[in-house]
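Asker: Pasting in a structure now, in structure tokens, and then I'll have a few things to ask.
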Amino acid sequence: MREITFVEAVREAQAEALASDDRVFIMGQEIGEYGGVFRATEGLAERFGAHRVRDMPIAEQSMLGAGVGAAVMGMRPIVEVMFMDFIACGMDAIVSHAAKMRYMSGDQMRAPMVIRTQGGSGTHHGAQHSQTLESWFLHVPGLAVVVPSTPSDVIGLFRASIELDHPVLFVEHRALYRTTGTVADRVETIPLGRGVIRRYGDDVTVAAVGKSVRQALVAARELDEEGVSVEVIDLRTLVPMDVDLVLDSLSRTHRLVVAHEAVERGGWAGELISRAVAEGFDELDAPPLRAASLATPIPFARELEAEMICDERLIARRVRESLGMPEPWA
Amino acid sequence: MREITFVEAVREAQAEALASDDRVFIMGQEIGEYGGVFRATEGLAERFGAHRVRDMPIAEQSMLGAGVGAAVMGMRPIVEVMFMDFIACGMDAIVSHAAKMRYMSGDQMRAPMVIRTQGGSGTHHGAQHSQTLESWFLHVPGLAVVVPSTPSDVIGLFRASIELDHPVLFVEHRALYRTTGTVADRVETIPLGRGVIRRYGDDVTVAAVGKSVRQALVAARELDEEGVSVEVIDLRTLVPMDVDLVLDSLSRTHRLVVAHEAVERGGWAGELISRAVAEGFDELDAPPLRAASLATPIPFARELEAEMICDERLIARRVRESLGMPEPWA
Amino acid sequence: MNRESAFQTSTDPGGLTDSRLSEVFRLMYTIRRFEVTTERAHLDGELYGPFHSSMGQEAVSVGACIALRPDDVVTSTHRGHGHAIAKGADLGRICAELWGRSTGYCQGKGGSMHIVSMEHGFVGQSPIIGGSGLLATGAALAFDLTKDSRVAVAFMGDGAVGQGVFHESLNLAAIWRLPVVFIVENNGFAHSFRAEQMQLNPDIAPRAEGYGIPGVVVDGMNVLDVHEATRTAVDRARRGDGPTLIEAKCYRWRGHNLGDAEHLYRAREEVEKARRDDPIERFKQAVADRIPERTLAAIEAKVDGEIEAAVRFAGASPPPDPGIALEGSF
Amino acid sequence: MNRESAFQTSTDPGGLTDSRLSEVFRLMYTIRRFEVTTERAHLDGELYGPFHSSMGQEAVSVGACIALRPDDVVTSTHRGHGHAIAKGADLGRICAELWGRSTGYCQGKGGSMHIVSMEHGFVGQSPIIGGSGLLATGAALAFDLTKDSRVAVAFMGDGAVGQGVFHESLNLAAIWRLPVVFIVENNGFAHSFRAEQMQLNPDIAPRAEGYGIPGVVVDGMNVLDVHEATRTAVDRARRGDGPTLIEAKCYRWRGHNLGDAEHLYRAREEVEKARRDDPIERFKQAVADRIPERTLAAIEAKVDGEIEAAVRFAGASPPPDPGIALEGSF
Ligand SMILES: Cc1ncc(C[n+]2csc(CCOP(=O)(O)OP(=O)(O)O)c2C)c(N)n1
Ligand SMILES: Cc1ncc(C[n+]2csc(CCOP(=O)(O)OP(=O)(O)O)c2C)c(N)n1
Ligand SMILES: [Mg+2]
Ligand SMILES: [Mg+2]
């Protein structure tokens, strides 16, 4: 066991993939000698060569599209999109190409590739550099969506992602990079689609991924002092989604809050709630609620960001709402 | 009163906008002399000149991005994206530019523009030319999403769209173009965010937009013969969404089915269900259900498409499920 | 530029042996018969979905593909029947895909715009304009990474030149010296749009200069010229000297697709005049002293039979089992 | 190409009057002081969020903007302070935006990468690489449509040249002869990436040829040369003769952003050497016989005071009212 940061885990996961499979290579901006703007590829170019850790001009469409072309010829590209916002610049390559190749071709072609990206609020990068957009990709058949919350999960989920014969969107939250966690000497592969209970509780289930899991845990500790026992589920992957784990939890807590930093409207919480309601309606003692960000672009000023972004306070508030409790300082 | 086709309405709506406001112009491929691949701009170039009805090279990013630039300088562009799938090619211009200009600039700039597009199944255009992608855009603050289902609504909603000081995604279903409907001599503007009940019923509420509204009506007629009374709500716009109308209906029917051709996973039904559950939980006698397409790219062969695409039969099945009725031919 | 005067018809069959020349004829004639036959079947209602004939452009498909090794790969566009046939794909399975049958290359999931035969290095069509260039660039990247001596060839339409991905593909291929050949079939039109409307400089080949790669114009109605230019480019790519842009000037004989309102943008006389320059007739003349008339006649008879058989095979094949609709997705 | 030898320093102050020359000096000096001051404030923890200094590139911003009419418009990039100042925007309100205060141009919603002053024709920054080109093209389209004699200028980085939107903007502007000037500030780097790595031909101006528009290289350290080139391009655009591409060779004095690990990609000596060529000093020499030393000193003193006042204004301004967080969205 050792303790490493989240970003170190991202680096290790990629190093492991590069070391163990010749078909793996990385493409992205600043990922070579520079080591990535968040240091997620530090040392990889030196170790594996500029050939396999390839710096790109700023050209997201061709980065992702060429990734697809290489993947169908048998490679396993890792493509880093520097900020999740820029995925919009290469959306077609992901949606109409990567995700559909296998199906459209009657399984003659596969496009295994991991599209790594990071996003989220907190660094005040403003409206065009802070979005949380993974929800779009639940709606794209043919693509897995992975959102790790701990260093150990990064390694275990990355291995499953790079081995999958489908493209995978692998989403990192910027604010997690410097967080730490223990990892086993030999981390187990984590099959995609298997969530985990991070905290057991009796009263309300909170389901989340990524940074929101940490926030849910903070909220849970706070609520504990109010006598509320919160169960926190880390879904770990959004596609496939471990709805069974949530349903099982609901059979004990009978109350659900889904938390994400993504904007509430049209966000993936709607998917989980729809399924939880359809498959677990009789278990529910209260309406499932969403703790998510308000429908605005992300403003620069911290006072404004605090107003619209989902945080631990909002999660706690929704848990209380779900229990019909008044707000302590309302 | 007169009877016109849906595509004639699209043409008329644009002609009206061009005639009544000098700031309006159209950009798109094949929309000039050719009149649009679905004839939606026929005659407009002749009437308003190639200057205002501008044929574009195939370049979705610049078409949409230049539209934003023109809009912030005071114009009101109509940008036609030939197939909704191609929106992925110009996603950044819509998401990071059009939708955010007003907010980011502290309301110094506005980007009023109508992005017209068409999509959907039924013409066997295959996986890259048949997607229904409006759900993505619920998740993009700053953008209205309009999906008309009748010729009259096309005109009334288009007028509200072109007058709005925000960008609007205006989605037409290809299969509706040749359907007909009556329109008043002077069609009233339909404010965005106001749904309409297309059919009154007591047992189950079906909420839909666009082509799915027609399918819901077909299903309702069929179910009527089985003694089931279905209320059909046409939301008409997804952003803003007339949740109150749905809640009001639920207070009478107590059962909800949300129908859309878009893939179920991550689709906009999740948004409506989340809100219906959060705001109308106590009214619900059964879990809200989704009638939507399965999570695959859209296959070419009709036998395969029929298997995964949402149709009137699936809507009827979900209504029965919601009532706990057995399938008639199960 | 006037096509007829711009090229010197190469009467030298470029060092091809008699049997290779017969093969060239066989392929060109096959494409022609295929397009004639399937178009008829479509008009007769046997086929459904969009249909883009490559009639008149046989020399580009064949001239390019005979310069390739069987294991070299080709990517293509919406107008891809000719490319698939020239690359050696099986006529029966292509037909079956067009007919949407289980025996089609993609089990009926693809259709006319999505033929793939990995076995023949036909890694498929992207009807997203510009997509073929990206896929070939990516394939070439895979070859480069694995020190594979194969070459990738992208067929693109003149319409692709306005797309951002065209620019990105060429730049990326250039700076990484990837083994890829971009062949732009400048058939005069992107649907109704003439090249002159899409760019100030109607020649496409000179674009290559900006990327620091060779750009050549070739008479796309002369199969031997296309062969020669492609051979040079492929040799160069295989040597590791990077990409080439080939512009093959040709003419689209048919409407953009079946049902195209051609009369809106070109005069019948223009088409008739252009059709007097038949690439198959030209080839026959060029090899008249090498291949006897009766050899050609024998080839024609054989091909006619093969196409009949292919159509019969398709027509007799069962539709896909609906059960496969969900296979291969995620 | 060696910058120093490539240009002849124009010692002719281009027909500018003494007062205009003083204005040039005032603007360049203002930008320099602004960057020095705000950078310090950031390092002192008064500011937060990303910060991209334009120090060393003052001559491009100023040379270009003084060739414009006040009502002409400018679009900019992530590195936009200099452009905003040169276009006349108010120092206090720019500072307040950087400080995230209510008095900022965007009420604190924008931040350093999103300054907008519509009043001054500074229609804003797009830190999405390539975005500024599209916005300016669109603005120029608006001018063209309304027969407005204004001109739009897009500042872009050399990093934008690899993006598809660069290509699309230039092509669209060219075929429509839009009144737009594209100014690429080739400062040698796109973050750690050198121009030589991004394209085979390290000169950008020749790209213009492919689009059929003029392309000129100018010494971006010489404000008078930049002015001259811009004036010519703006005249051309205003006459209706279409766009020009100007490549201004310059050098980025600071790291890509605050906190950039510069040492990973360039030697301190390289930076020191480059900094010996100071655009402000060069200008002083060029106008030594026209503007007395004490005039310059007086300007410096005045500007110092203005910047101090601006910073005080920002610091004293209240943060935005959280209540505005939702205003302007939809
Ligand atoms: C991204 C995208 N935009 C628009 C279209 C619609 N479209 C299909 S074919 C076509 C014209 C293509 O012209 P060209 O590239 O010259 O090929 P050709 O049809 O002449 O073979 C257009 C605009 C598309 N398929 N993809
Ligand atoms: C679409 C997109 N991709 C990547 C980035 C990340 N990024 C920000 S600045 C930059 C380098 C820009 O270089 P250049 O255009 O030369 O401008 P400079 O920083 O030199 O002024 C990069 C890659 C971005 N902002 N947008
Ligand atoms: Mg063409
Ligand atoms: Mg630069």
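Every chain in the structure tokens has a letter given in the order shown (A, B, ...), and although residue numbers restart at 1 in each chain, ligands are simply numbered from 1 in the order shown.
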Could you give me, as a tab-separated table, a per-residue list for chain D showing, wherever an atom lies at most 6 Å from an atom of chain A, the closest pair of atoms and their distance in Å to one decimal, using only C-alpha atoms and sorting by chain then residue number from low to high?

Answerer:
residue	atom	partner	partner_atom	distance
D:Gly49	CA	A:His124	CA	4.7
D:Gly100	CA	A:Ala301	CA	4.7
D:Gly108	CA	A:Ala301	CA	5.2
D:Lys109	CA	A:Pro299	CA	4.4
D:Gly110	CA	A:Phe300	CA	5.4
D:Gly111	CA	A:Phe300	CA	5.4
D:Gly162	CA	A:Ile58	CA	5.9
D:Gln163	CA	A:Ala59	CA	4.7
D:Met198	CA	A:Pro57	CA	5.3
D:Pro322	CA	A:Leu304	CA	5.2
D:Ala325	CA	A:Leu304	CA	5.2
D:Ser329	CA	A:Thr296	CA	5.4

Asker: Any idea what's packed within 7 Å of Val218 (chain C), counting only C-alpha atoms, ignoring anything in its chain fewer than 6 positions away? Could you give it as a VMD selection string?

Answerer: chain C and resid 225 to 226 247 to 249

Asker: Write the residues you've just listed into a file as a CSV table (one decimal), in the first residue's frame, and include N, CA and C atoms for each of them.

Answerer:
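Output below, filename selection-v4.csv:
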chain,number,residue,atom,x,y,z
C,225,ASP,N,-3.6,8.0,-66.2
C,225,ASP,CA,-3.0,9.2,-65.6
C,225,ASP,C,-3.2,9.1,-64.0
C,226,VAL,N,-4.4,8.7,-63.7
C,226,VAL,CA,-4.7,8.6,-62.2
C,226,VAL,C,-3.8,7.5,-61.6
C,247,GLU,N,-5.4,16.0,-57.0
C,247,GLU,CA,-6.8,16.4,-57.4
C,247,GLU,C,-7.1,15.8,-58.8
C,248,ALA,N,-8.1,15.0,-58.8
C,248,ALA,CA,-8.5,14.3,-60.0
C,248,ALA,C,-9.7,15.0,-60.6
C,249,LYS,N,-9.6,15.7,-61.7
C,249,LYS,CA,-10.7,16.5,-62.3
C,249,LYS,C,-11.6,15.5,-63.0

Asker: Give me the chain B side of the contact with chain A, cut-off 8 Å, one line per residue showing its nearest atom pair and distance in Å at one decimal, counting only C-alpha atoms, sorted by chain and residue number, as a Markdown table.

Answerer:
| residue | atom | partner | partner_atom | distance |
| --- | --- | --- | --- | --- |
| B:Asp85 | CA | A:Ser96 | CA | 7.5 |
| B:Phe86 | CA | A:Asp92 | CA | 7.5 |
| B:Ala88 | CA | A:Asp92 | CA | 4.6 |
| B:Cys89 | CA | A:Asp92 | CA | 5.2 |
| B:Gly90 | CA | A:Cys89 | CA | 7.3 |
| B:Met91 | CA | A:Ala88 | CA | 5.2 |
| B:Asp92 | CA | A:Ala88 | CA | 4.6 |
| B:Val95 | CA | A:Ala88 | CA | 7.4 |
| B:Ser96 | CA | A:Gln128 | CA | 5.7 |
| B:Lys100 | CA | A:Pro297 | CA | 6.2 |
| B:Tyr103 | CA | A:Pro297 | CA | 6.9 |
| B:Met104 | CA | A:Ala127 | CA | 6.8 |
| B:Ala127 | CA | A:Met104 | CA | 6.8 |
| B:Gln128 | CA | A:Ser96 | CA | 5.8 |
| B:Ser135 | CA | A:Gly266 | CA | 6.9 |
| B:Trp136 | CA | A:Trp136 | CA | 5.4 |
| B:Phe137 | CA | A:Gly266 | CA | 7.7 |
| B:Leu138 | CA | A:Gly266 | CA | 5.0 |
| B:His139 | CA | A:Gly266 | CA | 4.5 |
| B:Val140 | CA | A:Ala295 | CA | 7.7 |
| B:Pro141 | CA | A:Ala295 | CA | 5.0 |
| B:Gly142 | CA | A:Thr296 | CA | 6.9 |
| B:Val263 | CA | A:His139 | CA | 6.5 |
| B:Glu264 | CA | A:His139 | CA | 7.6 |
| B:Arg265 | CA | A:His139 | CA | 5.4 |
| B:Gly266 | CA | A:His139 | CA | 4.4 |
| B:Gly267 | CA | A:His139 | CA | 6.2 |
| B:Trp268 | CA | A:Gly266 | CA | 6.2 |
| B:Ala269 | CA | A:Gly270 | CA | 7.9 |
| B:Gly270 | CA | A:Gly270 | CA | 4.2 |
| B:Glu271 | CA | A:Gly270 | CA | 5.1 |
| B:Ile273 | CA | A:Ser274 | CA | 6.2 |
| B:Ser274 | CA | A:Gly270 | CA | 5.6 |
| B:Val277 | CA | A:Pro287 | CA | 5.7 |
| B:Ala278 | CA | A:Pro287 | CA | 5.2 |
| B:Phe281 | CA | A:Pro287 | CA | 5.8 |
| B:Ala286 | CA | A:Phe281 | CA | 7.4 |
| B:Pro287 | CA | A:Ala278 | CA | 5.2 |
| B:Pro288 | CA | A:Ala278 | CA | 6.5 |
| B:Leu289 | CA | A:Ala278 | CA | 6.2 |
| B:Ala295 | CA | A:Pro141 | CA | 5.0 |
| B:Thr296 | CA | A:Pro141 | CA | 5.1 |
| B:Pro297 | CA | A:Pro141 | CA | 6.2 |
| B:Pro299 | CA | A:Met104 | CA | 7.0 |

Asker: What does the file look like for those residues with C-alpha atoms, as an mmCIF file, in the first residue's frame?

Answerer:
data_model
loop_
_atom_site.group_PDB
_atom_site.id
_atom_site.type_symbol
_atom_site.label_atom_id
_atom_site.label_comp_id
_atom_site.auth_asym_id
_atom_site.auth_seq_id
_atom_site.Cartn_x
_atom_site.Cartn_y
_atom_site.Cartn_z
ATOM 1 C CA ASP B 85 -26.039 14.827 -37.062
ATOM 2 C CA PHE B 86 -23.839 17.544 -38.553
ATOM 3 C CA ALA B 88 -21.642 17.703 -33.984
ATOM 4 C CA CYS B 89 -19.347 19.323 -36.559
ATOM 5 C CA GLY B 90 -20.197 22.789 -35.279
ATOM 6 C CA MET B 91 -20.919 22.014 -31.654
ATOM 7 C CA ASP B 92 -18.367 24.422 -30.240
ATOM 8 C CA VAL B 95 -22.206 25.532 -26.980
ATOM 9 C CA SER B 96 -19.188 27.621 -26.115
ATOM 10 C CA LYS B 100 -22.634 31.843 -23.619
ATOM 11 C CA TYR B 103 -24.004 35.730 -20.039
ATOM 12 C CA MET B 104 -20.214 35.922 -20.274
ATOM 13 C CA ALA B 127 -26.278 5.801 -38.498
ATOM 14 C CA GLN B 128 -24.671 9.137 -39.334
ATOM 15 C CA SER B 135 -31.492 16.259 -25.684
ATOM 16 C CA TRP B 136 -27.870 17.414 -25.595
ATOM 17 C CA PHE B 137 -29.037 20.990 -25.789
ATOM 18 C CA LEU B 138 -31.213 20.949 -22.706
ATOM 19 C CA HIS B 139 -27.885 20.677 -20.950
ATOM 20 C CA VAL B 140 -26.557 23.870 -22.561
ATOM 21 C CA PRO B 141 -27.642 26.915 -20.564
ATOM 22 C CA GLY B 142 -28.373 29.885 -22.760
ATOM 23 C CA VAL B 263 -32.233 7.267 -27.581
ATOM 24 C CA GLU B 264 -33.668 6.585 -24.137
ATOM 25 C CA ARG B 265 -30.374 6.656 -22.271
ATOM 26 C CA GLY B 266 -29.522 10.246 -21.459
ATOM 27 C CA GLY B 267 -32.537 11.546 -23.389
ATOM 28 C CA TRP B 268 -34.674 14.493 -22.347
ATOM 29 C CA ALA B 269 -37.403 12.286 -20.890
ATOM 30 C CA GLY B 270 -35.107 11.965 -17.892
ATOM 31 C CA GLU B 271 -35.416 15.693 -17.328
ATOM 32 C CA ILE B 273 -39.459 12.653 -15.268
ATOM 33 C CA SER B 274 -37.075 14.073 -12.692
ATOM 34 C CA VAL B 277 -41.310 13.203 -9.707
ATOM 35 C CA ALA B 278 -39.749 15.991 -7.668
ATOM 36 C CA PHE B 281 -44.576 12.735 -6.429
ATOM 37 C CA ALA B 286 -47.341 4.487 -10.973
ATOM 38 C CA PRO B 287 -43.758 5.116 -12.011
ATOM 39 C CA PRO B 288 -43.356 7.469 -14.965
ATOM 40 C CA LEU B 289 -42.070 5.509 -17.925
ATOM 41 C CA ALA B 295 -29.152 2.488 -27.233
ATOM 42 C CA THR B 296 -27.722 1.706 -30.651
ATOM 43 C CA PRO B 297 -26.716 3.750 -33.636
ATOM 44 C CA PRO B 299 -29.197 0.780 -38.462
#

Asker: Taking only C-alpha atoms and all ligand atoms into account, report as a count of residues only which residues have an atom no farther than 6 Å from an atom of ligand 3.

Answerer: 8

Asker: Sort by chain and increasing residue number a table of all residues of chain D within 7 Å of chain C, each with its closest pair of atoms and their distance in Å to one decimal, counting only C-alpha atoms, and write it as a tab-separated table.

Answerer:
residue	atom	partner	partner_atom	distance
D:Gly162	CA	C:Glu168	CA	6.3
D:Gln163	CA	C:Glu168	CA	6.4
D:Gly164	CA	C:Gly164	CA	3.4
D:Val165	CA	C:Gly164	CA	5.6
D:His167	CA	C:Gly164	CA	5.9
D:Glu168	CA	C:Gly164	CA	5.7
D:Asn171	CA	C:Gln199	CA	6.4
D:Ala174	CA	C:Leu200	CA	6.9
D:Ile175	CA	C:Leu200	CA	5.7
D:Met198	CA	C:Ile175	CA	6.8
D:Gln199	CA	C:Ile175	CA	5.8
D:Leu200	CA	C:Gly212	CA	5.6
D:Asn201	CA	C:Gly212	CA	5.9
D:Pro206	CA	C:Gly210	CA	6.7
D:Arg207	CA	C:Gly210	CA	5.1
D:Gly210	CA	C:Arg207	CA	5.1
D:Tyr211	CA	C:Leu200	CA	6.3
D:Gly212	CA	C:Leu200	CA	5.6

Asker: Grab the residues selected above and save them as a CSV table (one decimal), in the first residue's frame with N, CA, C and O atoms.

Answerer:
chain,number,residue,atom,x,y,z
D,162,GLY,N,-3.4,25.8,-37.0
D,162,GLY,CA,-3.6,24.3,-37.2
D,162,GLY,C,-5.1,24.0,-37.1
D,162,GLY,O,-5.5,22.9,-37.5
D,163,GLN,N,-5.9,24.8,-36.5
D,163,GLN,CA,-7.3,24.5,-36.3
D,163,GLN,C,-8.1,24.6,-37.6
D,163,GLN,O,-7.9,25.5,-38.5
D,164,GLY,N,-9.1,23.7,-37.7
D,164,GLY,CA,-10.0,23.7,-38.9
D,164,GLY,C,-10.7,25.1,-39.0
D,164,GLY,O,-10.9,25.5,-40.2
D,165,VAL,N,-11.0,25.7,-37.9
D,165,VAL,CA,-11.8,26.9,-38.1
D,165,VAL,C,-10.9,28.0,-38.7
D,165,VAL,O,-11.5,29.0,-39.3
D,167,HIS,N,-8.9,27.7,-41.2
D,167,HIS,CA,-9.1,27.4,-42.7
D,167,HIS,C,-10.6,27.8,-43.1
D,167,HIS,O,-10.7,28.5,-44.1
D,168,GLU,N,-11.5,27.5,-42.3
D,168,GLU,CA,-12.9,27.8,-42.7
D,168,GLU,C,-13.2,29.3,-42.7
D,168,GLU,O,-13.8,29.8,-43.6
D,171,ASN,N,-11.4,30.9,-45.7
D,171,ASN,CA,-12.1,30.5,-47.0
D,171,ASN,C,-13.4,31.3,-47.1
D,171,ASN,O,-13.7,31.8,-48.2
D,174,ALA,N,-12.9,34.9,-47.7
D,174,ALA,CA,-12.4,35.1,-49.1
D,174,ALA,C,-13.5,35.0,-50.1
D,174,ALA,O,-13.6,36.0,-50.9
D,175,ILE,N,-14.3,34.0,-50.1
D,175,ILE,CA,-15.3,33.8,-51.2
D,175,ILE,C,-16.4,34.9,-51.1
D,175,ILE,O,-17.0,35.3,-52.0
D,198,MET,N,4.4,22.7,-35.6
D,198,MET,CA,3.0,22.7,-35.9
D,198,MET,C,2.7,22.6,-37.4
D,198,MET,O,1.6,22.3,-37.9
D,199,GLN,N,3.7,23.0,-38.2
D,199,GLN,CA,3.5,23.0,-39.6
D,199,GLN,C,4.8,22.9,-40.3
D,199,GLN,O,5.8,23.4,-39.7
D,200,LEU,N,4.9,22.4,-41.5
D,200,LEU,CA,6.2,22.2,-42.2
D,200,LEU,C,6.7,23.6,-42.6
D,200,LEU,O,7.9,23.8,-42.5
D,201,ASN,N,5.8,24.4,-43.1
D,201,ASN,CA,6.3,25.7,-43.5
D,201,ASN,C,6.1,26.7,-42.3
D,201,ASN,O,4.9,27.0,-42.0
D,206,PRO,N,2.1,32.8,-46.2
D,206,PRO,CA,1.8,32.2,-47.5
D,206,PRO,C,0.6,31.3,-47.6
D,206,PRO,O,0.1,31.0,-48.7
D,207,ARG,N,0.0,31.0,-46.4
D,207,ARG,CA,-1.2,30.2,-46.4
D,207,ARG,C,-2.3,31.0,-47.2
D,207,ARG,O,-3.3,30.4,-47.7
D,210,GLY,N,-3.5,30.1,-50.9
D,210,GLY,CA,-4.5,29.0,-51.1
D,210,GLY,C,-5.9,29.5,-51.1
D,210,GLY,O,-6.8,28.9,-51.7
D,211,TYR,N,-6.1,30.6,-50.4
D,211,TYR,CA,-7.5,31.1,-50.3
D,211,TYR,C,-7.7,32.3,-51.3
D,211,TYR,O,-8.8,32.9,-51.4
D,212,GLY,N,-6.6,32.6,-52.1
D,212,GLY,CA,-6.8,33.7,-53.0
D,212,GLY,C,-6.8,35.1,-52.4
D,212,GLY,O,-7.5,36.0,-53.0

Asker: Env of region 185-196 of chain B: 10 Å cut, atoms = only C-alpha atoms, seq-sep filter 5 positions within chain, self excluded. Answer as an NGL selection string.

Answerer: :B and (1-2 or 144-146 or 152-161 or 164 or 207-209 or 232-246)

Asker: Only C-alpha atoms, please: the residues just picked out, written as an mmCIF file, in the first residue's frame.

Answerer:
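Below is the file that was written, again.cif:
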data_model
loop_
_atom_site.group_PDB
_atom_site.id
_atom_site.type_symbol
_atom_site.label_atom_id
_atom_site.label_comp_id
_atom_site.auth_asym_id
_atom_site.auth_seq_id
_atom_site.Cartn_x
_atom_site.Cartn_y
_atom_site.Cartn_z
ATOM 1 C CA MET B 1 -57.977 28.901 -42.535
ATOM 2 C CA ARG B 2 -56.046 26.907 -45.067
ATOM 3 C CA ALA B 144 -33.818 27.508 -26.234
ATOM 4 C CA VAL B 145 -34.915 24.247 -27.841
ATOM 5 C CA VAL B 146 -38.036 24.153 -29.984
ATOM 6 C CA SER B 152 -49.366 26.030 -37.496
ATOM 7 C CA ASP B 153 -46.979 25.594 -34.586
ATOM 8 C CA VAL B 154 -44.038 25.907 -36.929
ATOM 9 C CA ILE B 155 -45.159 29.386 -37.838
ATOM 10 C CA GLY B 156 -46.128 30.458 -34.335
ATOM 11 C CA LEU B 157 -43.023 29.060 -32.709
ATOM 12 C CA PHE B 158 -40.666 30.270 -35.400
ATOM 13 C CA ARG B 159 -41.827 33.818 -34.901
ATOM 14 C CA ALA B 160 -41.194 33.598 -31.182
ATOM 15 C CA SER B 161 -37.803 32.030 -31.890
ATOM 16 C CA LEU B 164 -35.977 35.869 -28.875
ATOM 17 C CA ALA B 207 -45.838 13.951 -23.070
ATOM 18 C CA ALA B 208 -43.930 14.333 -26.321
ATOM 19 C CA VAL B 209 -42.730 16.743 -29.001
ATOM 20 C CA VAL B 232 -51.485 13.696 -25.040
ATOM 21 C CA ILE B 233 -49.397 16.745 -24.249
ATOM 22 C CA ASP B 234 -47.318 18.435 -26.911
ATOM 23 C CA LEU B 235 -44.612 20.282 -24.996
ATOM 24 C CA ARG B 236 -43.661 22.168 -28.186
ATOM 25 C CA THR B 237 -40.478 23.496 -26.582
ATOM 26 C CA LEU B 238 -38.004 21.564 -24.450
ATOM 27 C CA VAL B 239 -36.278 24.687 -23.156
ATOM 28 C CA PRO B 240 -38.204 26.227 -21.579
ATOM 29 C CA MET B 241 -40.293 23.213 -20.675
ATOM 30 C CA ASP B 242 -43.909 23.499 -19.641
ATOM 31 C CA VAL B 243 -43.680 21.240 -16.605
ATOM 32 C CA ASP B 244 -46.698 22.903 -15.031
ATOM 33 C CA LEU B 245 -48.928 21.676 -17.811
ATOM 34 C CA VAL B 246 -47.696 18.149 -17.220
#

Asker: Pick the closest to ligand 1 from B:Met27, B:Val81, B:Val10, B:Ala70: which is it, counting only C-alpha atoms and all ligand atoms?

Answerer: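 For ligand 1, the nearest of the given residues is B:Val81.
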
Asker: So which residues of region 3-104 of chain B fall under alpha helix (DSSP H) by DSSP, listed as a PyMOL selection string?

Answerer: chain B and resi 6-20+44-48+60-72+91-92+101-104

Asker: State, in Å with one decimal place, the distance from CA of Arg47 (chain A) to CA of Asp165 (chain A).

Answerer: 26.2 Å
